[in-house]
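K.L.:
Below is the structure I would like to discuss, written out as structure tokens.
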Amino acid sequence: MNDSSWGAPPQAGYWAPTDRGPVQGHAPAGPPYDAPEAQHTRPMPIVPDVPPHGGNQDDDRGAARQAGPLFRDETPSARPPGETPQKPEPMHDAPQPAPPKKSAGRDLGAAIGVGVGLGAVIVASLFIVKAAFVGVIAVAVVVGLWELTSRLQERKGIKAPLVPLAVGGAAMVVAGYVRGPEGAWVAMALTALAVLVWRMTEPPENYLKDVTAGVFAAFYVPFLATFVALMLTADDGPQRVLLFLVLTIVSDTGAYAVGWRFGTHKLAPRISPGKTREGLLGAIAFAMVAGALLMHFVIDDGVWWQGLLLGLAVAASATLGDLGESMIKRDLGIKDMGTLLPGHGGIMDRLDSLLPTAPVVWLLLVLFVGSG
């Protein structure tokens, strides 16, 4: 029978209720316990070894003090029987910890600086030489493909061939600008075929997985980006592209501002825990107001109510695009697609809401004011 079978020793100063008084002629040796719970022996304390001769007396007393009292009844918490324990007085003057402040989770200074720099490059290339902006789109597509294929290989072991994707993606953007939608579709088909053929130079294991990821990457990044080049082909192409960029940025800004200040109800907690329904309402409100103003003052023959519908569609597509890339990153187990842009992550982390919004804006502008 081990020591644990005896139960925990009683606390010092505890007098158990009993129906029997003390035995005549004998003083109680200690606090009586109920018989079923009484310990047969009292555990011996562990006493530190004290040198019999030659030891330092002060050191011995210090060691004894560090070892603690020899018996439980000698602890400072021991009380005479019947004494009520005193509750400590609450400390009203103790400083309370400050509530945690909300944080954006990124370096806002770096993010703003990079955003302003990118905006300057985009505006300069867009309104000075339209063809230069096509080059900006092509560079963003190639870098985005590199980030996506690199993360797929690192996290999932999927080897989507980058060379045919990069060449075909850049050609897709140029073909869309030069030949219109037909050129974009032909370039997309040829890029998919190049991915299938390029992958044949390696062993057949995981062939289907690799080419499927390659075709997905070709559609997700360069093909969707081609619709920006299609907007640029119109006579007021720079204004259409500017409207597309501003509406997407305003939608993201409204979602962030309103969600950060008022967000309490999660929009899609399993995909992106930071997004809220209040943030989505903020994105819709900001984008609709901006859409009405831009359609009226920037787009030729544009009407304000068309801008309201356009802003609503942009808020929906931008949110879905953001959630779509969040789903990809959650599946890959990463926070950002890259580290190229300080405060933002990678190029793909900036294209997530722009890519699915481009075909939506292009189509609605064609329906509202034509393709010219």
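Chain labels follow the order of the structure tokens: the first chain is A, the next B, and so on; residue numbering restarts at 1 in every chain, and ligands are counted from 1 in their shown order.
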List as a PyMOL selection string the protein and nucleic acid residues near Leu232 in chain A, meaning an atom at most 8 Å away when only C-alpha atoms are counted, but skip any in the same chain fewer than 4 places from it.

P.N.:
chain A and resi 130+177+228+236-238+240-241

K.L.:
Store the residues picked out above in a file with C-alpha atoms, as a PDB file, in the first residue's frame.

P.N.:
ATOM      1  CA  LYS A 130      -0.372  53.292 -73.251  1.00  0.00           C
ATOM      2  CA  TYR A 177      -4.117  44.470 -76.358  1.00  0.00           C
ATOM      3  CA  VAL A 228      -7.097  45.172 -68.119  1.00  0.00           C
ATOM      4  CA  ASP A 236     -10.893  56.420 -73.209  1.00  0.00           C
ATOM      5  CA  GLY A 237      -8.893  53.367 -72.156  1.00  0.00           C
ATOM      6  CA  PRO A 238      -6.730  55.109 -69.531  1.00  0.00           C
ATOM      7  CA  ARG A 240     -11.446  53.016 -67.793  1.00  0.00           C
ATOM      8  CA  VAL A 241      -8.363  51.433 -66.290  1.00  0.00           C
TER       9      VAL A 241
END

K.L.:
Excluding same-chain residues fewer than 4 positions from Ser371 in chain A, what lies within 10 Å of it counting only C-alpha atoms, as a PyMOL selection string?

P.N.:
chain A and resi 230-231+233-237+362-363+365-367

K.L.:
Which of these residues is nearest to Thr264 in chain A, using only C-alpha atoms: A:Met188, A:Ile328, A:Leu162, A:Leu280?

P.N.:
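Looking at the shortest contact to Thr264 in chain A, the residue is A:Leu280.
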
K.L.:
May I ask which of the residues A:Thr253, A:Ala138, A:Lys159, A:Gly169 is the closest one to Pro203 in chain A, counting only C-alpha atoms?

P.N.:
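Answer, going by the shortest atom-to-atom distance: A:Lys159.
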
K.L.:
Would you kindly return, as a PyMOL selection string, each protein, DNA or RNA residue with an atom no farther than 6 Å from any atom of Trp304 in chain A, considering only C-alpha atoms and excluding same-chain residues fewer than 4 positions away?

P.N.:
chain A and resi 292+295-296
